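The next block is upload.txt, given as compact mmCIF, C-alpha atoms and all ligand atoms.
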# COMPACT_ATOMS: atom_id res chain seq x y z
CA MET E 104 23.54 -9.26 12.95
CA ASP E 105 25.80 -9.91 9.94
CA LYS E 106 25.76 -6.52 8.20
CA SER E 107 27.63 -7.81 5.20
CA GLY E 108 24.63 -9.80 4.00
CA PHE E 109 21.72 -9.05 1.72
CA ILE E 110 17.95 -8.96 2.07
CA VAL E 111 15.07 -9.50 -0.32
CA GLY E 112 12.00 -7.27 -0.31
CA ILE E 113 8.78 -8.33 -2.01
CA GLU E 114 5.95 -5.94 -2.77
CA ALA E 115 3.21 -8.50 -3.34
CA GLY E 116 0.39 -6.69 -5.13
CA GLY E 117 -2.84 -7.90 -6.65
CA THR E 118 -1.65 -7.03 -10.16
CA SER E 119 2.09 -7.67 -9.90
CA PHE E 120 4.84 -8.69 -7.51
CA LEU E 121 7.97 -6.54 -7.32
CA LEU E 122 11.02 -8.27 -5.89
CA GLY E 123 14.21 -6.45 -4.97
CA LEU E 124 17.60 -7.18 -3.47
CA ALA E 125 19.57 -4.80 -1.24
CA ALA E 126 22.57 -4.87 1.07
CA ILE E 127 21.54 -4.78 4.74
CA LYS E 128 23.70 -1.71 5.34
CA ASP E 129 22.22 0.20 2.39
CA ILE E 130 18.53 -0.59 1.94
CA HIS E 131 17.85 2.52 -0.14
CA ASN E 132 20.04 1.17 -2.89
CA ILE E 133 18.19 -1.53 -4.87
CA VAL E 134 20.89 -3.82 -6.27
CA ILE E 135 18.54 -5.67 -8.60
CA SER E 136 14.78 -5.90 -9.02
CA LYS E 137 12.30 -7.95 -10.98
CA ARG E 138 8.57 -7.47 -11.56
CA ILE E 139 6.33 -10.45 -12.27
CA GLU E 140 2.62 -10.68 -12.97
CA THR E 141 0.27 -11.86 -10.22
CA VAL E 142 -1.40 -14.97 -11.63
CA SER E 143 -2.08 -18.10 -9.57
CA PRO E 144 -0.34 -18.53 -6.19
CA GLU E 145 1.46 -21.66 -7.46
CA GLU E 146 2.86 -19.89 -10.50
CA THR E 147 3.66 -16.50 -8.93
CA LEU E 148 5.16 -17.85 -5.71
CA GLY E 149 7.03 -20.49 -7.74
CA GLN E 150 8.58 -17.69 -9.82
CA CYS E 151 9.52 -15.78 -6.65
CA LYS E 152 11.30 -18.88 -5.38
CA LYS E 153 13.30 -19.27 -8.60
CA ILE E 154 14.31 -15.57 -8.60
CA ILE E 155 15.47 -15.64 -4.96
CA GLU E 156 17.37 -18.90 -5.56
CA LEU E 157 19.11 -17.29 -8.53
CA TRP E 158 20.03 -14.13 -6.58
CA GLY E 159 21.16 -16.34 -3.69
CA LYS E 160 23.85 -17.92 -5.88
CA SER E 161 25.81 -14.67 -5.96
CA HIS E 162 24.62 -12.93 -2.75
CA ASN E 163 24.47 -14.01 0.87
CA ILE E 164 20.73 -13.48 1.50
CA LEU E 165 19.79 -13.49 5.17
CA ALA E 166 16.17 -12.35 5.24
CA ILE E 167 13.00 -11.80 3.22
CA GLY E 168 10.37 -9.13 3.91
CA VAL E 169 6.98 -9.44 2.24
CA ALA E 170 4.48 -6.57 1.99
CA ALA E 171 1.34 -8.31 0.74
CA PHE E 172 -2.08 -7.34 -0.51
CA GLY E 173 -4.81 -8.57 1.76
CA PRO E 174 -6.67 -8.89 3.91
CA ILE E 175 -3.95 -10.86 5.70
CA ASP E 176 -3.94 -12.48 9.13
CA LEU E 177 -1.24 -11.00 11.39
CA THR E 178 -2.50 -12.41 14.70
CA GLU E 179 0.37 -14.44 16.12
CA GLY E 180 -0.81 -17.89 17.15
CA SER E 181 -3.78 -17.76 14.78
CA GLU E 182 -4.45 -20.78 12.54
CA PHE E 183 -4.11 -18.53 9.51
CA TYR E 184 -1.16 -16.38 10.63
CA GLY E 185 0.74 -15.19 7.55
CA TYR E 186 -2.09 -16.07 5.15
CA ILE E 187 -3.86 -13.90 2.62
CA THR E 188 -7.42 -14.59 3.77
CA THR E 189 -10.75 -13.39 2.36
CA THR E 190 -9.46 -11.59 -0.73
CA PRO E 191 -11.80 -11.01 -3.68
CA LYS E 192 -9.02 -12.63 -5.79
CA GLU E 193 -10.54 -16.14 -5.78
CA GLN E 194 -7.34 -18.11 -6.45
CA TRP E 195 -5.51 -16.36 -3.61
CA LYS E 196 -8.10 -16.97 -0.87
CA PHE E 197 -6.39 -18.48 2.19
CA THR E 198 -2.92 -18.64 0.66
CA ASN E 199 -0.15 -19.25 3.18
CA ILE E 200 2.38 -16.71 1.87
CA LEU E 201 4.62 -16.52 4.93
CA GLY E 202 4.63 -20.33 5.25
CA PHE E 203 5.64 -20.65 1.60
CA PHE E 204 8.77 -18.51 2.03
CA GLU E 205 9.67 -20.02 5.40
CA LYS E 206 9.45 -23.53 3.91
CA SER E 207 11.30 -22.58 0.72
CA PHE E 208 14.11 -20.72 2.47
CA PRO E 209 14.54 -22.21 5.98
CA SER E 210 17.91 -20.51 6.53
CA MET E 211 16.43 -17.02 5.98
CA VAL E 212 14.35 -14.93 8.39
CA CYS E 213 10.95 -14.30 6.78
CA THR E 214 8.71 -11.42 7.87
CA MET E 215 5.37 -10.35 6.45
CA HIS E 216 3.01 -7.42 6.78
CA THR E 217 0.33 -5.60 4.80
CA ASP E 218 1.14 -3.70 1.61
CA VAL E 219 0.50 -0.39 3.37
CA TYR E 220 2.35 -0.56 6.70
CA PRO E 221 5.86 -1.11 5.23
CA PRO E 222 5.60 1.94 2.91
CA ALA E 223 4.17 3.97 5.82
CA LEU E 224 7.20 2.90 7.86
CA ALA E 225 9.62 3.74 5.04
CA GLU E 226 8.01 7.12 4.32
CA SER E 227 7.85 8.02 8.05
CA LYS E 228 11.65 7.96 8.08
CA GLU E 229 11.90 10.28 5.09
CA THR E 230 12.28 13.40 7.16
CA PHE E 231 15.08 15.59 8.40
CA GLU E 232 13.09 16.91 11.35
CA SER E 233 13.40 13.85 13.61
CA PRO E 234 14.16 10.11 13.25
CA SER E 235 10.62 9.66 11.98
CA ILE E 236 7.25 11.39 11.88
CA SER E 237 3.84 9.76 12.19
CA THR E 238 2.79 9.02 8.65
CA ALA E 239 -0.35 7.61 7.08
CA TYR E 240 0.21 5.80 3.81
CA VAL E 241 -2.71 5.26 1.46
CA THR E 242 -2.46 3.25 -1.71
CA VAL E 243 -5.05 3.89 -4.40
CA GLY E 244 -5.06 1.37 -7.21
CA THR E 245 -6.84 -1.95 -7.75
CA GLY E 246 -7.98 -1.49 -4.15
CA ILE E 247 -7.55 1.19 -1.50
CA GLY E 248 -5.50 0.43 1.59
CA ALA E 249 -4.34 2.62 4.44
CA SER E 250 -2.03 2.32 7.41
CA VAL E 251 -0.54 4.71 9.96
CA CYS E 252 3.00 4.35 11.24
CA PHE E 253 3.57 6.29 14.46
CA GLU E 254 6.89 7.71 15.73
CA ASP E 255 7.60 4.54 17.74
CA GLU E 256 7.00 2.43 14.58
CA SER E 257 3.77 0.99 16.01
CA THR E 258 0.91 0.77 13.59
CA ILE E 259 -2.79 0.83 13.14
CA PHE E 260 -3.80 -2.37 11.36
CA CYS E 261 -7.00 -1.35 9.67
CA GLU E 262 -9.16 -1.52 6.58
CA ALA E 263 -9.80 2.21 6.31
CA GLY E 264 -10.12 1.91 2.53
CA HIS E 265 -13.53 0.31 3.05
CA ALA E 266 -14.79 3.00 5.42
CA SER E 267 -17.90 4.69 4.10
CA CYS E 268 -18.46 8.35 3.38
CA PRO E 269 -21.23 10.56 1.95
CA VAL E 270 -21.98 9.77 -1.69
CA SER E 271 -21.05 12.64 -4.01
CA ARG E 272 -23.77 14.71 -5.63
CA VAL E 273 -22.82 13.40 -9.08
CA ASP E 274 -23.07 9.78 -7.97
CA GLN E 275 -26.38 10.46 -6.24
CA LEU E 276 -27.72 11.82 -9.53
CA THR E 277 -26.44 8.98 -11.69
CA GLY E 278 -27.09 6.27 -9.09
CA PHE E 279 -23.55 4.86 -9.55
CA PRO E 280 -23.51 1.87 -7.18
CA GLY E 281 -19.73 1.55 -6.66
CA VAL E 282 -17.77 -1.63 -7.32
CA CYS E 283 -17.12 -3.07 -3.84
CA SER E 284 -18.55 -6.59 -3.71
CA PHE E 285 -18.82 -6.43 0.09
CA HIS E 286 -20.34 -2.99 0.66
CA LYS E 287 -22.94 -0.87 -0.95
CA CYS E 288 -22.63 2.58 -2.44
CA GLY E 289 -20.48 4.85 -0.26
CA CYS E 290 -17.61 2.42 0.44
CA ILE E 291 -14.55 4.56 -0.40
CA GLU E 292 -12.72 1.73 -2.18
CA GLY E 293 -15.82 0.87 -4.19
CA MET E 294 -16.25 4.51 -5.23
CA ALA E 295 -12.62 5.53 -5.92
CA CYS E 296 -10.51 2.49 -6.86
CA ALA E 297 -9.19 2.10 -10.40
CA SER E 298 -12.05 -0.08 -11.66
CA SER E 299 -14.70 2.33 -10.33
CA ILE E 300 -13.05 5.21 -12.20
CA ALA E 301 -12.84 3.13 -15.38
CA LYS E 302 -16.48 2.04 -15.02
CA ARG E 303 -17.72 5.61 -14.71
CA ALA E 304 -15.65 6.66 -17.73
CA GLY E 305 -16.80 3.62 -19.74
CA ILE E 306 -13.29 2.29 -20.37
CA ASP E 307 -11.15 -0.66 -19.31
CA PRO E 308 -8.97 -0.05 -16.19
CA SER E 309 -5.91 -0.60 -18.40
CA GLU E 310 -6.90 2.52 -20.39
CA LEU E 311 -7.10 4.89 -17.39
CA LYS E 312 -3.91 6.66 -18.46
CA SER E 313 -5.71 7.85 -21.60
CA LEU E 314 -8.31 9.85 -19.62
CA PRO E 315 -7.60 13.61 -19.78
CA ASP E 316 -6.94 15.59 -16.59
CA ASP E 317 -10.08 17.65 -17.13
CA HIS E 318 -12.39 14.61 -17.19
CA ASP E 319 -15.23 15.03 -14.63
CA VAL E 320 -14.45 11.70 -12.99
CA TRP E 321 -11.30 13.05 -11.26
CA ASN E 322 -13.24 15.69 -9.38
CA ASN E 323 -15.72 13.03 -8.31
CA VAL E 324 -13.01 10.61 -7.17
CA ALA E 325 -11.24 13.40 -5.26
CA HIS E 326 -14.40 13.77 -3.14
CA TYR E 327 -13.95 10.21 -1.78
CA LEU E 328 -10.20 10.42 -1.31
CA ALA E 329 -10.53 13.76 0.50
CA HIS E 330 -13.02 12.09 2.84
CA LEU E 331 -10.57 9.26 3.44
CA CYS E 332 -7.90 11.85 4.36
CA LEU E 333 -10.45 13.56 6.60
CA ASN E 334 -11.29 10.30 8.41
CA ILE E 335 -7.62 9.45 8.85
CA THR E 336 -6.95 12.95 10.23
CA LEU E 337 -9.83 12.83 12.69
CA MET E 338 -9.07 9.32 13.90
CA TRP E 339 -5.28 9.22 14.06
CA ARG E 340 -3.91 12.75 13.65
CA PRO E 341 -0.78 11.78 11.68
CA LYS E 342 1.68 14.53 10.75
CA ARG E 343 1.60 13.55 7.08
CA ILE E 344 -0.66 11.61 4.70
CA VAL E 345 1.16 10.04 1.76
CA LEU E 346 -1.00 9.07 -1.19
CA GLY E 347 0.58 6.44 -3.44
CA GLY E 348 -0.48 3.69 -5.84
CA GLY E 349 -1.27 3.66 -9.55
CA VAL E 350 -4.26 6.04 -9.47
CA MET E 351 -2.21 8.70 -7.65
CA GLN E 352 0.21 8.87 -10.58
CA ARG E 353 -2.46 11.29 -11.84
CA SER E 354 -0.89 14.34 -10.24
CA CYS E 355 -3.88 16.66 -10.84
CA LEU E 356 -5.70 14.62 -8.18
CA PHE E 357 -3.54 16.08 -5.40
CA LYS E 358 -4.79 19.61 -6.03
CA LEU E 359 -8.43 18.48 -6.08
CA ILE E 360 -8.09 16.30 -2.97
CA ARG E 361 -6.32 19.06 -0.99
CA MET E 362 -8.97 21.61 -1.94
CA LYS E 363 -11.85 19.36 -0.89
CA PHE E 364 -10.05 18.18 2.26
CA VAL E 365 -9.64 21.77 3.47
CA LYS E 366 -13.32 22.40 2.80
CA TYR E 367 -14.50 19.23 4.58
CA LEU E 368 -12.17 19.67 7.58
CA ASN E 369 -13.35 23.27 7.89
CA ASP E 370 -10.56 24.15 10.36
CA TYR E 371 -11.95 21.73 12.93
CA VAL E 372 -8.44 20.70 13.96
CA SER E 373 -5.13 22.17 12.91
CA VAL E 374 -2.99 20.29 10.40
CA PRO E 375 0.26 21.27 8.67
CA PRO E 376 -0.09 23.37 5.48
CA VAL E 377 -2.11 21.10 3.19
CA ASP E 378 0.50 20.90 0.40
CA LYS E 379 2.94 19.53 2.98
CA TYR E 380 0.29 17.36 4.66
CA ILE E 381 -1.29 15.45 1.74
CA VAL E 382 1.67 14.50 -0.40
CA PRO E 383 2.97 11.97 -2.95
CA PRO E 384 5.58 9.44 -1.75
CA LYS E 385 9.12 10.80 -1.36
CA LEU E 386 10.60 7.40 -2.16
CA SER E 387 10.45 6.10 -5.72
CA HIS E 388 9.63 2.59 -4.43
CA PRO E 389 8.08 3.00 -0.96
CA GLY E 390 6.58 -0.51 -1.01
CA LEU E 391 9.87 -2.20 -1.82
CA ILE E 392 11.97 -0.08 0.57
CA GLY E 393 9.31 -0.77 3.21
CA ALA E 394 9.69 -4.51 2.57
CA PHE E 395 13.46 -4.11 3.11
CA TYR E 396 12.71 -2.43 6.46
CA LEU E 397 10.53 -5.44 7.37
CA ALA E 398 13.31 -7.86 6.46
CA SER E 399 15.91 -5.97 8.50
CA ARG E 400 13.55 -5.70 11.43
CA GLY E 401 13.11 -9.50 11.29
CA LEU E 402 16.89 -9.88 11.57
CA LYS E 403 17.11 -7.47 14.51
CA LYS E 404 14.66 -9.64 16.45
CA LEU E 405 17.05 -12.62 16.32
ZN ZN H 501 -16.02 -2.06 0.59
Since I need it in another form, could you write the structure as structure tokens?
Amino acid sequence: MDKSGFIVGIEAGGTSFLLGLAAIKDIHNIVISKRIETVSPEETLGQCKKIIELWGKSHNILAIGVAAFGPIDLTEGSEFYGYITTTPKEQWKFTNILGFFEKSFPSMVCTMHTDVYPPALAESKETFESPSISTAYVTVGTGIGASVCFEDESTIFCEAGHASCPVSRVDQLTGFPGVCSFHKCGCIEGMACASSIAKRAGIDPSELKSLPDDHDVWNNVAHYLAHLCLNITLMWRPKRIVLGGGVMQRSCLFKLIRMKFVKYLNDYVSVPPVDKYIVPPKLSHPGLIGAFYLASRGLKKL
């Protein structure tokens, strides 16, 4: 592998795409980055192409890693391998993301995964105890996604964000139906994603930052996220659960989630001290660094 080259990481989210460039030998150092809005696939992917072409004029880019919102098809040999498939984002249904980059940049190695596994991989390596520790990464924003990266870098490819859990007492009283278009009341994403919080508070999702920390909705949302942490713990027993994404910028949520998680787990199994177990990301850009890991892994396979 030519270690003097560069790689591009793309955090392809439902609201925006973040592109970054890094040297292969120093993927924690983002040389340049650019955020663009997620509009139509033609426009957004077209912009990505122009940006990478521009960066390519002054850097020897060898690989691209894409961490994409989904659901995506990762079954090798499948007709839709590398596609975003049944997303609620109408324009993006069955978009061949991987194919687009492979066709646009035939000399580069293109690798794609979900938007949760790469940050789980990147965060799992953020430890001094061993090369990596099993880490679950949950993103809470427009949607809720989760992935677990184990010590050997294998992963659980799942849709844990749509798992169901008991409806909170407050939501039972108000009859809040959730916002998931696929599942009824009780789907964790439908009850705790950004638009569900905004709907309960009677504001637009873009105004969520204006909600005070003592608003009742945070306690209610923490109920669902604590249940998600509980389910992840019981099913996969990771050593750490990292909660990232736009909604988790609200730091008061961590205290509420930890408190409820301890109550719901009720000492059934032992976990590390909760403030070291349910934590914010250590990396400032786990999605982008994760996409760099994907790109370098693609090169190693050559
Ligand atoms: Zn759902």
Within 6 Å of ligand ZN 501 (chain H) (counting only C-alpha atoms and all ligand atoms), which residues show up? I'd like them as a list in words.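 The distance check yields His265, Cys283, Phe285, His286, Cys290, Glu292 and Gly293 of chain E.
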Within 12 Å of E:Pro234 using all atoms listed in the file, minus same-chain residues under 2 positions, as a ChimeraX atom specification: /E:224-232,236-237,253-256
One number please: atom CA of E:Ala297 to atom CA of E:Val324, in Å, one decimal.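 It comes out at 9.9 Å.
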Given the choices E:Thr217, E:Asn323, E:Ser298, E:Asn334, which gets closest to E:Gly248 if the distance is worked out from all atoms listed in the file?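 For E:Gly248, the nearest of the candidates is E:Thr217.
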Residue nearest E:Ser313 among E:His131, E:Glu156, E:Leu331, E:Arg353 (counting only C-alpha atoms):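 Among the listed residues, E:Arg353 lies closest to E:Ser313.
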Can you work out the spacing between atom CA of E:Lys366 and atom CA of E:His326 in Å, to one decimal?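 Going from atom CA of E:Lys366 over to atom CA of E:His326, I get 10.5 Å.
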Minimum-distance residue to E:Ser250, chosen among E:Pro222, E:Pro376, E:Gly168, E:Pro269 (using all atoms listed in the file):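 Looking only at the distances to E:Ser250, the closest residue turns out to be E:Pro222.
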Write out as a PyMOL selection string which residues come within 10 Å of E:Leu328 when counting only C-alpha atoms, dropping same-chain ones fewer than 4 positions away. chain E and resi 241+243+247+264+268+291-292+294-296+323-324+332-334+346+356-357+359-361+363-364
For the point (16.1, -9.8, -1.4) in file coordinates, what residues are within 7 Å, counting all atoms listed in the file? Give the answer as a compact mmCIF listing (two decimals) with C-alpha atoms, in the coordinates of the input?
# COMPACT_ATOMS: atom_id res chain seq x y z
CA PHE E 109 21.72 -9.05 1.72
CA ILE E 110 17.95 -8.96 2.07
CA VAL E 111 15.07 -9.50 -0.32
CA GLY E 112 12.00 -7.27 -0.31
CA LEU E 122 11.02 -8.27 -5.89
CA GLY E 123 14.21 -6.45 -4.97
CA LEU E 124 17.60 -7.18 -3.47
CA ALA E 125 19.57 -4.80 -1.24
CA ILE E 155 15.47 -15.64 -4.96
CA ILE E 164 20.73 -13.48 1.50
CA ILE E 167 13.00 -11.80 3.22
Report the centre and edge lengths, in Å to one decimal, of an axis-aligned box enclosing every atom of stretch 347-353 of chain E listed in the file, padded by 8 Å on each side, as lines of an AutoDock Vina configuration file.
center_x = -1.8
center_y = 7.5
center_z = -7.6
size_x = 20.8
size_y = 23.6
size_z = 24.4
Could you please give me, as a list in words, the residues of protein, DNA or RNA lying at most 12 Å from (19.9, -3.1, 9.9) in the coordinate frame of the file, considering all atoms listed in the file?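 These residues have at least one counted atom within 12 Å: Met104, Asp105, Lys106, Ser107, Gly108, Phe109, Ile110, Ala125, Ala126, Ile127, Lys128, Asp129, Ile130, His131, Leu165, Ala166, Phe395, Tyr396, Leu397, Ala398, Ser399, Arg400, Gly401, Leu402, Lys403, Lys404 and Leu405 of chain E.
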Using all atoms listed in the file, can you tell me which of E:Gly116, E:Pro383, E:Gly305, E:Pro174 comes closest to E:Ala239?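 Going through E:Gly116, E:Pro383, E:Gly305, E:Pro174 one by one, the smallest distance to E:Ala239 is for E:Pro383.
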